[in-house]
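Peer 1: For reference, this is start_27.cif, and it has mmCIF, C-alpha atoms.
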data_final
#
loop_
_atom_site.label_atom_id
_atom_site.label_comp_id
_atom_site.auth_asym_id
_atom_site.auth_seq_id
_atom_site.Cartn_x
_atom_site.Cartn_y
_atom_site.Cartn_z
CA MET U 1 96.53 109.38 116.04
CA GLU U 2 98.48 112.15 114.43
CA THR U 3 99.54 112.67 110.82
CA LEU U 4 102.97 113.67 109.55
CA SER U 5 103.31 115.46 106.20
CA ILE U 6 106.21 114.54 103.91
CA LYS U 7 107.29 116.28 100.70
CA THR U 8 109.03 114.02 98.17
CA HIS U 9 111.22 115.29 95.32
CA SER U 10 111.62 112.56 92.69
CA ARG U 11 109.90 109.42 91.35
CA THR U 12 111.69 107.09 93.77
CA GLU U 13 113.19 108.38 96.98
CA MET U 14 113.85 107.25 100.54
CA ILE U 15 113.34 110.03 103.09
CA ASP U 16 114.64 109.67 106.64
CA ILE U 17 111.68 110.52 108.88
CA THR U 18 113.33 109.42 112.15
CA PRO U 19 113.64 112.96 113.60
CA MET U 20 109.95 113.76 112.85
CA VAL U 21 108.85 110.49 114.43
CA ALA U 22 111.11 110.92 117.48
CA ASP U 23 109.77 114.46 118.05
CA ALA U 24 106.16 113.30 117.78
CA VAL U 25 106.78 110.47 120.25
CA LYS U 26 108.45 112.82 122.73
CA ALA U 27 105.60 115.35 122.40
CA GLN U 28 102.97 112.72 123.23
CA GLY U 29 104.73 112.01 126.53
CA ILE U 30 104.08 108.27 126.55
CA GLU U 31 106.94 106.52 128.32
CA GLU U 32 106.44 102.86 127.39
CA GLY U 33 104.63 101.40 124.41
CA VAL U 34 104.77 100.81 120.68
CA CYS U 35 104.78 103.42 117.92
CA ILE U 36 102.88 102.42 114.78
CA LEU U 37 103.68 104.18 111.51
CA TYR U 38 101.12 103.73 108.75
CA ASN U 39 101.41 104.83 105.12
CA PRO U 40 97.94 105.46 103.61
CA HIS U 41 99.23 105.50 100.00
CA THR U 42 99.29 102.58 97.52
CA THR U 43 102.46 103.64 95.67
CA ALA U 44 104.68 104.26 98.70
CA ALA U 45 105.90 102.30 101.73
CA ILE U 46 107.81 102.56 105.02
CA THR U 47 111.00 100.68 105.86
CA ILE U 48 113.70 100.67 108.53
CA ASN U 49 117.30 100.36 107.36
CA GLU U 50 120.75 101.94 107.60
CA GLY U 51 120.71 105.72 107.81
CA ALA U 52 124.45 106.47 108.08
CA ASP U 53 125.58 105.78 104.50
CA PRO U 54 123.25 107.14 101.75
CA SER U 55 124.62 104.50 99.33
CA VAL U 56 122.51 101.89 101.14
CA GLN U 57 119.33 103.78 100.25
CA SER U 58 120.55 104.12 96.68
CA ASP U 59 121.29 100.38 96.45
CA ILE U 60 117.84 99.51 97.84
CA ARG U 61 116.11 101.79 95.32
CA LYS U 62 118.15 100.43 92.41
CA ALA U 63 117.69 96.79 93.40
CA LEU U 64 113.91 97.28 93.63
CA SER U 65 113.81 99.00 90.23
CA GLY U 66 115.86 96.13 88.79
CA LEU U 67 113.42 93.53 90.12
CA ILE U 68 110.30 95.57 89.25
CA PRO U 69 111.10 97.62 86.15
CA PRO U 70 109.22 100.84 85.32
CA HIS U 71 106.27 100.91 82.93
CA ASP U 72 108.27 102.01 79.88
CA HIS U 73 110.78 99.16 80.13
CA PRO U 74 110.90 97.34 76.74
CA GLN U 75 110.59 93.82 78.20
CA ILE U 76 107.69 94.43 80.55
CA HIS U 77 103.93 94.61 80.11
CA TYR U 78 101.74 95.81 82.97
CA GLU U 79 97.92 95.72 82.72
CA HIS U 80 97.43 98.78 84.92
CA THR U 81 97.35 101.76 82.55
CA GLU U 82 98.32 104.59 84.89
CA GLY U 83 102.06 104.12 84.42
CA ASN U 84 102.71 103.22 88.06
CA ALA U 85 102.11 99.46 88.29
CA ASP U 86 105.76 99.12 89.41
CA SER U 87 105.11 101.56 92.27
CA HIS U 88 102.13 99.52 93.52
CA ILE U 89 104.15 96.27 93.41
CA LYS U 90 107.08 97.82 95.32
CA SER U 91 104.62 99.10 97.94
CA SER U 92 103.44 95.55 98.70
CA LEU U 93 107.00 94.17 98.74
CA ILE U 94 108.29 96.74 101.26
CA GLY U 95 105.11 97.12 103.30
CA THR U 96 102.52 99.63 104.38
CA SER U 97 103.45 99.97 108.03
CA GLN U 98 106.28 99.64 110.53
CA LEU U 99 106.37 99.52 114.30
CA VAL U 100 109.02 100.64 116.76
CA ILE U 101 109.10 99.93 120.49
CA ILE U 102 109.10 102.98 122.81
CA SER U 103 111.03 102.84 126.08
CA ASN U 104 111.65 105.86 128.36
CA SER U 105 109.82 108.04 125.79
CA GLN U 106 112.44 107.14 123.15
CA LEU U 107 112.29 105.04 119.99
CA VAL U 108 114.22 101.78 120.53
CA LEU U 109 116.11 101.73 117.22
CA GLY U 110 119.30 99.79 116.55
CA THR U 111 122.58 101.72 116.29
CA TRP U 112 122.43 102.01 112.49
CA GLN U 113 118.65 102.07 112.03
CA SER U 114 116.66 104.95 110.60
CA ILE U 115 113.00 105.02 109.58
CA PHE U 116 112.45 105.79 105.88
CA PHE U 117 109.40 106.88 103.96
CA CYS U 118 109.76 105.17 100.55
CA GLU U 119 108.38 107.16 97.63
CA PHE U 120 107.82 105.02 94.54
CA ASP U 121 105.68 107.40 92.43
CA GLY U 122 106.67 110.94 93.30
CA PRO U 123 107.21 113.73 93.59
CA ARG U 124 104.16 114.30 95.80
CA THR U 125 103.09 115.48 99.22
CA ARG U 126 102.50 112.35 101.31
CA LYS U 127 101.15 111.47 104.75
CA VAL U 128 102.23 109.04 107.47
CA HIS U 129 99.85 108.28 110.33
CA LEU U 130 101.45 107.81 113.73
CA LYS U 131 99.67 106.02 116.56
CA ILE U 132 101.10 105.08 119.95
CA LEU U 133 99.82 102.14 121.97
CA ARG U 134 100.75 102.36 125.67
CA GLY U 135 101.93 99.31 127.47
CA MET D 1 110.69 94.92 126.84
CA GLU D 2 113.15 92.10 126.98
CA THR D 3 115.97 91.17 124.60
CA LEU D 4 116.78 87.72 123.24
CA SER D 5 120.34 86.89 122.16
CA ILE D 6 120.88 84.82 119.02
CA LYS D 7 124.13 83.32 117.74
CA THR D 8 124.30 82.83 113.97
CA HIS D 9 126.76 80.53 112.21
CA SER D 10 127.02 81.49 108.52
CA ARG D 11 126.51 84.44 106.18
CA THR D 12 122.87 83.64 105.49
CA GLU D 13 120.86 81.53 107.88
CA MET D 14 117.32 81.15 109.19
CA ILE D 15 117.16 80.29 112.89
CA ASP D 16 113.94 79.01 114.44
CA ILE D 17 113.42 81.19 117.54
CA THR D 18 109.90 79.94 118.30
CA PRO D 19 110.86 78.08 121.52
CA MET D 20 112.75 81.13 122.90
CA VAL D 21 109.80 83.39 122.11
CA ALA D 22 107.23 80.95 123.54
CA ASP D 23 109.25 80.65 126.77
CA ALA D 24 109.56 84.43 127.13
CA VAL D 25 105.82 84.89 126.57
CA LYS D 26 104.99 82.22 129.16
CA ALA D 27 107.41 83.76 131.68
CA GLN D 28 105.77 87.18 131.39
CA GLY D 29 102.43 85.66 132.38
CA ILE D 30 100.29 87.84 130.12
CA GLU D 31 97.23 85.86 129.05
CA GLU D 32 95.84 87.90 126.16
CA GLY D 33 97.64 90.36 123.91
CA VAL D 34 100.08 90.73 121.06
CA CYS D 35 103.78 89.81 121.04
CA ILE D 36 105.99 92.17 119.04
CA LEU D 37 109.36 90.91 117.83
CA TYR D 38 111.78 93.62 116.67
CA ASN D 39 115.15 93.13 114.98
CA PRO D 40 117.47 96.12 115.68
CA HIS D 41 119.96 95.18 112.91
CA THR D 42 120.04 96.51 109.33
CA THR D 43 121.40 93.32 107.72
CA ALA D 44 118.97 90.84 109.29
CA ALA D 45 115.20 90.35 109.47
CA ILE D 46 112.41 88.29 111.07
CA THR D 47 109.91 86.15 109.19
CA ILE D 48 107.26 83.52 109.93
CA ASN D 49 107.14 80.46 107.67
CA GLU D 50 107.15 76.66 107.64
CA GLY D 51 109.29 75.09 110.35
CA ALA D 52 108.71 71.37 109.69
CA ASP D 53 110.77 70.89 106.51
CA PRO D 54 114.21 72.61 106.50
CA SER D 55 114.16 72.63 102.67
CA VAL D 56 111.67 75.52 102.82
CA GLN D 57 114.22 77.66 104.67
CA SER D 58 116.87 76.67 102.17
CA ASP D 59 114.61 77.57 99.23
CA ILE D 60 113.79 80.96 100.79
CA ARG D 61 117.47 81.75 101.31
CA LYS D 62 118.43 80.66 97.79
CA ALA D 63 115.56 82.54 96.14
CA LEU D 64 116.52 85.74 97.99
CA SER D 65 120.18 85.35 97.00
CA GLY D 66 119.09 84.78 93.40
CA LEU D 67 117.05 87.99 93.37
CA ILE D 68 119.64 90.03 95.32
CA PRO D 69 123.09 88.65 94.41
CA PRO D 70 126.07 89.07 96.74
CA HIS D 71 128.60 91.86 96.31
CA ASP D 72 131.13 89.81 94.35
CA HIS D 73 128.65 88.71 91.69
CA PRO D 74 130.10 89.58 88.25
CA GLN D 75 126.95 91.26 86.91
CA ILE D 76 126.17 93.46 89.88
CA HIS D 77 127.44 96.82 91.08
CA TYR D 78 126.49 98.10 94.51
CA GLU D 79 127.49 101.62 95.66
CA HIS D 80 127.77 100.63 99.33
CA THR D 81 131.41 99.61 99.85
CA GLU D 82 131.13 97.40 102.93
CA GLY D 83 130.34 94.24 100.96
CA ASN D 84 126.89 93.78 102.45
CA ALA D 85 124.57 95.88 100.29
CA ASP D 86 122.70 92.66 99.44
CA SER D 87 122.14 92.02 103.17
CA HIS D 88 120.60 95.48 103.67
CA ILE D 89 118.28 95.02 100.68
CA LYS D 90 117.10 91.59 101.89
CA SER D 91 116.44 93.10 105.32
CA SER D 92 113.97 95.62 103.85
CA LEU D 93 112.30 92.97 101.66
CA ILE D 94 111.64 90.56 104.54
CA GLY D 95 111.03 93.14 107.26
CA THR D 96 112.31 94.36 110.60
CA SER D 97 109.52 93.12 112.84
CA GLN D 98 106.78 90.54 113.20
CA LEU D 99 103.80 90.26 115.50
CA VAL D 100 102.02 87.22 116.88
CA ILE D 101 98.72 87.19 118.78
CA ILE D 102 98.80 85.75 122.33
CA SER D 103 95.78 83.84 123.65
CA ASN D 104 95.74 81.87 126.94
CA SER D 105 99.44 82.79 127.41
CA GLN D 106 100.31 80.96 124.17
CA LEU D 107 101.48 82.19 120.76
CA VAL D 108 98.67 81.78 118.22
CA LEU D 109 100.73 80.32 115.37
CA GLY D 110 99.37 78.27 112.47
CA THR D 111 99.99 74.51 112.43
CA TRP D 112 103.10 74.78 110.23
CA GLN D 113 104.34 78.22 111.34
CA SER D 114 107.62 78.90 113.08
CA ILE D 115 109.27 82.26 113.80
CA PHE D 116 112.66 82.68 112.13
CA PHE D 117 115.49 85.11 112.73
CA CYS D 118 116.97 85.74 109.25
CA GLU D 119 120.72 86.36 109.22
CA PHE D 120 121.90 87.97 105.98
CA ASP D 121 125.44 89.05 107.00
CA GLY D 122 126.71 86.59 109.60
CA PRO D 123 128.05 84.92 111.49
CA ARG D 124 127.39 87.31 114.39
CA THR D 125 125.72 87.56 117.77
CA ARG D 126 122.36 89.24 117.22
CA LYS D 127 119.51 90.61 119.32
CA VAL D 128 115.73 90.47 119.04
CA HIS D 129 113.61 92.75 121.22
CA LEU D 130 110.38 91.25 122.52
CA LYS D 131 107.53 93.42 123.77
CA ILE D 132 104.05 92.30 124.80
CA LEU D 133 101.03 94.56 124.57
CA ARG D 134 98.14 93.37 126.77
CA GLY D 135 94.62 93.47 125.46
CA MET M 1 90.49 87.44 118.90
CA GLU M 2 88.13 86.38 116.20
CA THR M 3 88.73 84.37 113.03
CA LEU M 4 87.50 85.16 109.53
CA SER M 5 87.02 82.36 107.00
CA ILE M 6 88.03 82.96 103.38
CA LYS M 7 87.37 80.72 100.37
CA THR M 8 89.91 81.02 97.56
CA HIS M 9 89.32 79.88 93.97
CA SER M 10 92.64 79.50 92.17
CA ARG M 11 96.34 78.87 92.83
CA THR M 12 97.20 82.56 93.18
CA GLU M 13 94.54 85.10 94.01
CA MET M 14 94.11 88.37 95.88
CA ILE M 15 90.79 88.63 97.72
CA ASP M 16 89.56 91.98 99.03
CA ILE M 17 88.65 91.32 102.67
CA THR M 18 88.09 94.99 103.59
CA PRO M 19 84.29 94.68 104.04
CA MET M 20 84.68 91.59 106.31
CA VAL M 21 87.30 93.37 108.40
CA ALA M 22 85.32 96.63 108.60
CA ASP M 23 82.20 94.72 109.75
CA ALA M 24 84.16 92.81 112.41
CA VAL M 25 85.70 96.06 113.72
CA LYS M 26 82.30 97.75 113.89
CA ALA M 27 80.76 94.75 115.67
CA GLN M 28 83.42 94.81 118.39
CA GLY M 29 82.50 98.42 119.21
CA ILE M 30 86.04 99.58 119.98
CA GLU M 31 86.32 103.24 119.05
CA GLU M 32 90.09 103.86 119.09
CA GLY M 33 92.88 101.35 118.65
CA VAL M 34 94.73 99.17 116.18
CA CYS M 35 93.35 96.22 114.23
CA ILE M 36 95.82 93.36 113.72
CA LEU M 37 95.24 90.91 110.89
CA TYR M 38 97.20 87.67 111.09
CA ASN M 39 97.46 84.92 108.45
CA PRO M 40 98.21 81.53 110.11
CA HIS M 41 99.19 79.86 106.79
CA THR M 42 102.70 79.45 105.34
CA THR M 43 101.70 79.68 101.66
CA ALA M 44 99.55 82.81 101.89
CA ALA M 45 99.96 86.43 103.03
CA ILE M 46 98.11 89.69 103.68
CA THR M 47 98.80 92.99 101.91
CA ILE M 48 97.24 96.44 101.58
CA ASN M 49 97.13 97.98 98.11
CA GLU M 50 94.85 99.57 95.51
CA GLY M 51 91.35 98.10 95.44
CA ALA M 52 89.73 100.22 92.71
CA ASP M 53 91.40 98.78 89.59
CA PRO M 54 91.69 94.95 89.50
CA SER M 55 94.63 95.24 87.07
CA VAL M 56 96.82 96.29 90.02
CA GLN M 57 96.14 92.95 91.74
CA SER M 58 96.85 91.13 88.49
CA ASP M 59 100.15 93.00 88.03
CA ILE M 60 101.21 92.22 91.62
CA ARG M 61 100.45 88.50 91.16
CA LYS M 62 102.26 88.35 87.81
CA ALA M 63 105.31 90.25 89.05
CA LEU M 64 105.62 87.91 92.05
CA SER M 65 105.31 84.85 89.83
CA GLY M 66 107.97 86.31 87.52
CA LEU M 67 110.39 86.82 90.42
CA ILE M 68 109.56 83.49 92.11
CA PRO M 69 108.66 81.00 89.36
CA PRO M 70 106.45 77.96 90.04
CA HIS M 71 107.92 74.55 90.75
CA ASP M 72 107.59 73.23 87.19
CA HIS M 73 109.52 76.13 85.63
CA PRO M 74 112.35 74.68 83.47
CA GLN M 75 115.09 76.94 84.90
CA ILE M 76 114.32 76.52 88.58
CA HIS M 77 115.15 73.86 91.15
CA TYR M 78 113.54 73.95 94.58
CA GLU M 79 114.54 71.49 97.33
CA HIS M 80 111.09 71.40 98.91
CA THR M 81 109.27 68.51 97.24
CA GLU M 82 105.64 69.49 97.84
CA GLY M 83 105.41 71.63 94.70
CA ASN M 84 104.76 74.87 96.60
CA ALA M 85 108.21 76.23 97.46
CA ASP M 86 107.32 79.35 95.43
CA SER M 87 104.22 79.86 97.60
CA HIS M 88 106.29 79.77 100.81
CA ILE M 89 108.81 82.27 99.43
CA LYS M 90 106.08 84.68 98.31
CA SER M 91 104.52 84.43 101.78
CA SER M 92 107.72 85.70 103.42
CA LEU M 93 108.15 88.48 100.82
CA ILE M 94 104.63 89.90 101.28
CA GLY M 95 104.25 89.19 105.00
CA THR M 96 102.17 87.28 107.49
CA SER M 97 100.34 90.18 109.12
CA GLN M 98 99.11 93.71 108.60
CA LEU M 99 97.84 96.37 110.95
CA VAL M 100 95.36 99.17 110.43
CA ILE M 101 94.62 102.04 112.83
CA ILE M 102 91.03 102.34 114.09
CA SER M 103 89.54 105.77 114.75
CA ASN M 104 85.84 106.41 115.56
CA SER M 105 85.23 102.65 115.13
CA GLN M 106 86.40 102.85 111.50
CA LEU M 107 89.47 101.50 109.72
CA VAL M 108 91.79 104.39 108.82
CA LEU M 109 92.63 103.32 105.25
CA GLY M 110 93.90 105.63 102.52
CA THR M 111 91.50 106.63 99.73
CA TRP M 112 92.64 103.85 97.38
CA GLN M 113 93.62 101.22 99.95
CA SER M 114 91.95 97.83 100.36
CA ILE M 115 93.08 94.90 102.49
CA PHE M 116 93.84 91.75 100.48
CA PHE M 117 94.24 88.13 101.49
CA CYS M 118 96.92 86.77 99.14
CA GLU M 119 96.48 83.12 98.17
CA PHE M 120 99.65 81.58 96.76
CA ASP M 121 98.74 77.86 96.87
CA GLY M 122 94.99 77.56 96.43
CA PRO M 123 92.24 76.92 96.02
CA ARG M 124 91.61 76.33 99.73
CA THR M 125 89.55 77.50 102.67
CA ARG M 126 91.76 79.87 104.69
CA LYS M 127 91.64 81.75 107.99
CA VAL M 128 92.61 85.26 109.07
CA HIS M 129 92.81 86.06 112.77
CA LEU M 130 91.64 89.53 113.77
CA LYS M 131 92.63 91.11 117.07
CA ILE M 132 91.94 94.67 118.21
CA LEU M 133 94.17 96.48 120.70
CA ARG M 134 92.42 99.45 122.34
CA GLY M 135 94.28 102.68 122.81
#
Produce structure tokens that represent the structure in this file.

Peer 2:
Amino acid sequence: METLSIKTHSRTEMIDITPMVADAVKAQGIEEGVCILYNPHTTAAITINEGADPSVQSDIRKALSGLIPPHDHPQIHYEHTEGNADSHIKSSLIGTSQLVIISNSQLVLGTWQSIFFCEFDGPRTRKVHLKILRG
Amino acid sequence: METLSIKTHSRTEMIDITPMVADAVKAQGIEEGVCILYNPHTTAAITINEGADPSVQSDIRKALSGLIPPHDHPQIHYEHTEGNADSHIKSSLIGTSQLVIISNSQLVLGTWQSIFFCEFDGPRTRKVHLKILRG
Amino acid sequence: METLSIKTHSRTEMIDITPMVADAVKAQGIEEGVCILYNPHTTAAITINEGADPSVQSDIRKALSGLIPPHDHPQIHYEHTEGNADSHIKSSLIGTSQLVIISNSQLVLGTWQSIFFCEFDGPRTRKVHLKILRG
């Protein structure tokens, strides 16, 4: 297992970590297998979506914040008193981990796919664990 | 790794791919392990849910379209200009991959579970990558 | 593969199964690998989120029930006639499986992370399959 470090810059943000992940996979020298990416935080997530047009990331972030409004929204009442109940809920909706198949030492991503770390309660310094299973 | 080909017929659709997956697993002859199903598209997803009553699929599709309205909905504004921002958002909510345990060369699914390819921007010809890890 | 048994007590509930999972991992004596947790039910799910403050679980359950109202809600019409269409939809939103990295025979969870079985149509007796891949 190795751990990537990610610096986020705002409360909600999607950061393309594909190059970091691809470099780590190449460095481990495993030709065939599955790369597991695990987010150890409860107010963040990992997703795979379009990386070419940044408006897709913006639409995802806005849609999530529309469905799960922030703590200070006038029509919402969360029990959790730390001001980040929305961030926890988004984390469970998007998911804690992702996996990508490795073939010929490369990530098998679709043409338009990038891997995103999803910050829902930043800015912070975050971690993503990376583990490769051979096979 | 092998790749399944799936033909979809409408803009949103859930297609039961369980028989294709079960056949591929049997053909590979691996008795114990985990089957990974990976969708390389950014406007589609894979889920596991009830296969017996088609109304469940219909309710899932309608609920998603209620939460994430299409591009031409009067009260919505998406930044992404390709008319499929909703499809990208649904993809991240449902998820890019699924895994199923294999025991005795069979998928270990629950009594009512089927594996569905979720089309959110069809009709198209789509792919699903299938990879088995032994163990 | 082994199977954990979980007793739920109400229609929607999040049950912290981290101690059961940690014990099962320790008992199998595998030092390095990945633990796969698989829910074979179509009206339940598994998620990983904050375990310290129970209000987070309550906020997640309430937010989901706000987005996906129950069958008897006056403004909703589901086609599925068994009264649990909402439970099926929530299952696909949260997800059927989760994975956790194992290092030194321990689950590599973040400081605040616990593993939760999510009941969306209880009370029932439920199962979670646990499978460890070495590596």

Peer 1: Given the PyMOL selection byres ((chain D) within 7 of (chain U)) and the file above, list the residues it selects as a PyMOL selection string.

Peer 2: chain D and resi 40-42+78-80+85+88-89+92-93+96+133

Peer 1: If I take CA of Asp86 (chain D) and CA of Gly122 (chain D), how far is one from the other in Å, to one decimal?

Peer 2: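 CA of Gly122 (chain D) lies 12.5 Å from CA of Asp86 (chain D).
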
Peer 1: The PyMOL selection byres ((chain M and resi 123-131) around 7) on the file shown: which residues, as a PyMOL selection string?

Peer 2: chain M and resi 1-11+35-40+121-122+132-133

Peer 1: Could you save those same residues with C-alpha atoms as a PDB file, in the frame of the given file?

Peer 2:
ATOM      1  CA  MET M   1      90.490  87.440 118.900  1.00  0.00           C
ATOM      2  CA  GLU M   2      88.130  86.380 116.200  1.00  0.00           C
ATOM      3  CA  THR M   3      88.730  84.370 113.030  1.00  0.00           C
ATOM      4  CA  LEU M   4      87.500  85.160 109.530  1.00  0.00           C
ATOM      5  CA  SER M   5      87.020  82.360 107.000  1.00  0.00           C
ATOM      6  CA  ILE M   6      88.030  82.960 103.380  1.00  0.00           C
ATOM      7  CA  LYS M   7      87.370  80.720 100.370  1.00  0.00           C
ATOM      8  CA  THR M   8      89.910  81.020  97.560  1.00  0.00           C
ATOM      9  CA  HIS M   9      89.320  79.880  93.970  1.00  0.00           C
ATOM     10  CA  SER M  10      92.640  79.500  92.170  1.00  0.00           C
ATOM     11  CA  ARG M  11      96.340  78.870  92.830  1.00  0.00           C
ATOM     12  CA  CYS M  35      93.350  96.220 114.230  1.00  0.00           C
ATOM     13  CA  ILE M  36      95.820  93.360 113.720  1.00  0.00           C
ATOM     14  CA  LEU M  37      95.240  90.910 110.890  1.00  0.00           C
ATOM     15  CA  TYR M  38      97.200  87.670 111.090  1.00  0.00           C
ATOM     16  CA  ASN M  39      97.460  84.920 108.450  1.00  0.00           C
ATOM     17  CA  PRO M  40      98.210  81.530 110.110  1.00  0.00           C
ATOM     18  CA  ASP M 121      98.740  77.860  96.870  1.00  0.00           C
ATOM     19  CA  GLY M 122      94.990  77.560  96.430  1.00  0.00           C
ATOM     20  CA  ILE M 132      91.940  94.670 118.210  1.00  0.00           C
ATOM     21  CA  LEU M 133      94.170  96.480 120.700  1.00  0.00           C
TER      22      LEU M 133
END

Peer 1: Mind checking which residues fall within 12 Å of Pro19 (chain D), counting all atoms listed in the file, ignoring those fewer than 2 positions away in the same chain, and posting them as a list in words?

Peer 2: Leu4, Ile15, Asp16, Ile17, Val21, Ala22, Asp23, Ala24, Val25, Lys26, Gly51, Gln106, Leu107, Ser114, Ile115 and Phe116 of chain D

Peer 1: Fewer than 5 positions away in the same chain doesn't count, so skip those; otherwise give me all residues within 6 Å of Cys118 (chain D), counting all atoms listed in the file, as a ChimeraX atom specification.

Peer 2: /D:13-14,44-46

Peer 1: Quick one, how far is CA of Ser65 (chain D) from CA of Thr12 (chain D)?

Peer 2: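 Going from CA of Ser65 (chain D) over to CA of Thr12 (chain D) covers 9.1 Å.
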
Peer 1: May I ask for the distance between CA of Ala27 (chain U) and CA of Asn104 (chain M), given in Å to one decimal place?

Peer 2: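 CA of Asn104 (chain M) lies 22.7 Å from CA of Ala27 (chain U).
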
Peer 1: For region 131-134 of chain U, take all atoms listed in the file, fit an axis-aligned box around them, add 4 Å to each of the six sides, then output centre and edge lengths in Å rounded to one decimal, as lines of an AutoDock Vina configuration file.

Peer 2:
center_x = 100.4
center_y = 104.1
center_z = 121.1
size_x = 9.4
size_y = 11.9
size_z = 17.1

Peer 1: N, CA and C atoms for region 84-101 of chain M, written as an mmCIF file, in the coordinates of the input, could you do that?

Peer 2:
data_model
loop_
_atom_site.group_PDB
_atom_site.id
_atom_site.type_symbol
_atom_site.label_atom_id
_atom_site.label_comp_id
_atom_site.auth_asym_id
_atom_site.auth_seq_id
_atom_site.Cartn_x
_atom_site.Cartn_y
_atom_site.Cartn_z
ATOM 1 N N ASN M 84 105.207 73.514 96.248
ATOM 2 C CA ASN M 84 104.760 74.870 96.600
ATOM 3 C C ASN M 84 105.863 75.696 97.269
ATOM 4 N N ALA M 85 107.116 75.419 96.919
ATOM 5 C CA ALA M 85 108.210 76.230 97.460
ATOM 6 C C ALA M 85 107.997 77.705 97.103
ATOM 7 N N ASP M 86 107.571 77.956 95.850
ATOM 8 C CA ASP M 86 107.320 79.350 95.430
ATOM 9 C C ASP M 86 106.300 80.032 96.340
ATOM 10 N N SER M 87 105.277 79.292 96.751
ATOM 11 C CA SER M 87 104.220 79.860 97.600
ATOM 12 C C SER M 87 104.772 80.269 98.956
ATOM 13 N N HIS M 88 105.657 79.429 99.527
ATOM 14 C CA HIS M 88 106.290 79.770 100.810
ATOM 15 C C HIS M 88 107.148 81.030 100.688
ATOM 16 N N ILE M 89 107.910 81.122 99.601
ATOM 17 C CA ILE M 89 108.810 82.270 99.430
ATOM 18 C C ILE M 89 107.992 83.561 99.281
ATOM 19 N N LYS M 90 106.940 83.505 98.466
ATOM 20 C CA LYS M 90 106.080 84.680 98.310
ATOM 21 C C LYS M 90 105.466 85.111 99.642
ATOM 22 N N SER M 91 105.104 84.122 100.472
ATOM 23 C CA SER M 91 104.520 84.430 101.780
ATOM 24 C C SER M 91 105.456 85.283 102.624
ATOM 25 N N SER M 92 106.754 84.920 102.635
ATOM 26 C CA SER M 92 107.720 85.700 103.420
ATOM 27 C C SER M 92 108.004 87.070 102.794
ATOM 28 N N LEU M 93 107.915 87.177 101.465
ATOM 29 C CA LEU M 93 108.150 88.480 100.820
ATOM 30 C C LEU M 93 107.018 89.466 101.106
ATOM 31 N N ILE M 94 105.780 89.000 101.088
ATOM 32 C CA ILE M 94 104.630 89.900 101.280
ATOM 33 C C ILE M 94 104.324 90.086 102.770
ATOM 34 N N GLY M 95 104.403 89.023 103.562
ATOM 35 C CA GLY M 95 104.250 89.190 105.000
ATOM 36 C C GLY M 95 103.020 88.529 105.578
ATOM 37 N N THR M 96 103.174 88.079 106.801
ATOM 38 C CA THR M 96 102.170 87.280 107.490
ATOM 39 C C THR M 96 101.051 88.119 108.104
ATOM 40 N N SER M 97 101.344 89.368 108.427
ATOM 41 C CA SER M 97 100.340 90.180 109.120
ATOM 42 C C SER M 97 100.321 91.601 108.592
ATOM 43 N N GLN M 98 99.236 92.286 108.882
ATOM 44 C CA GLN M 98 99.110 93.710 108.600
ATOM 45 C C GLN M 98 98.403 94.359 109.759
ATOM 46 N N LEU M 99 98.622 95.656 109.942
ATOM 47 C CA LEU M 99 97.840 96.370 110.950
ATOM 48 C C LEU M 99 97.254 97.637 110.352
ATOM 49 N N VAL M 100 96.074 97.977 110.883
ATOM 50 C CA VAL M 100 95.360 99.170 110.430
ATOM 51 C C VAL M 100 94.876 99.911 111.682
ATOM 52 N N ILE M 101 95.085 101.214 111.700
ATOM 53 C CA ILE M 101 94.620 102.040 112.830
ATOM 54 C C ILE M 101 93.093 102.144 112.789
#
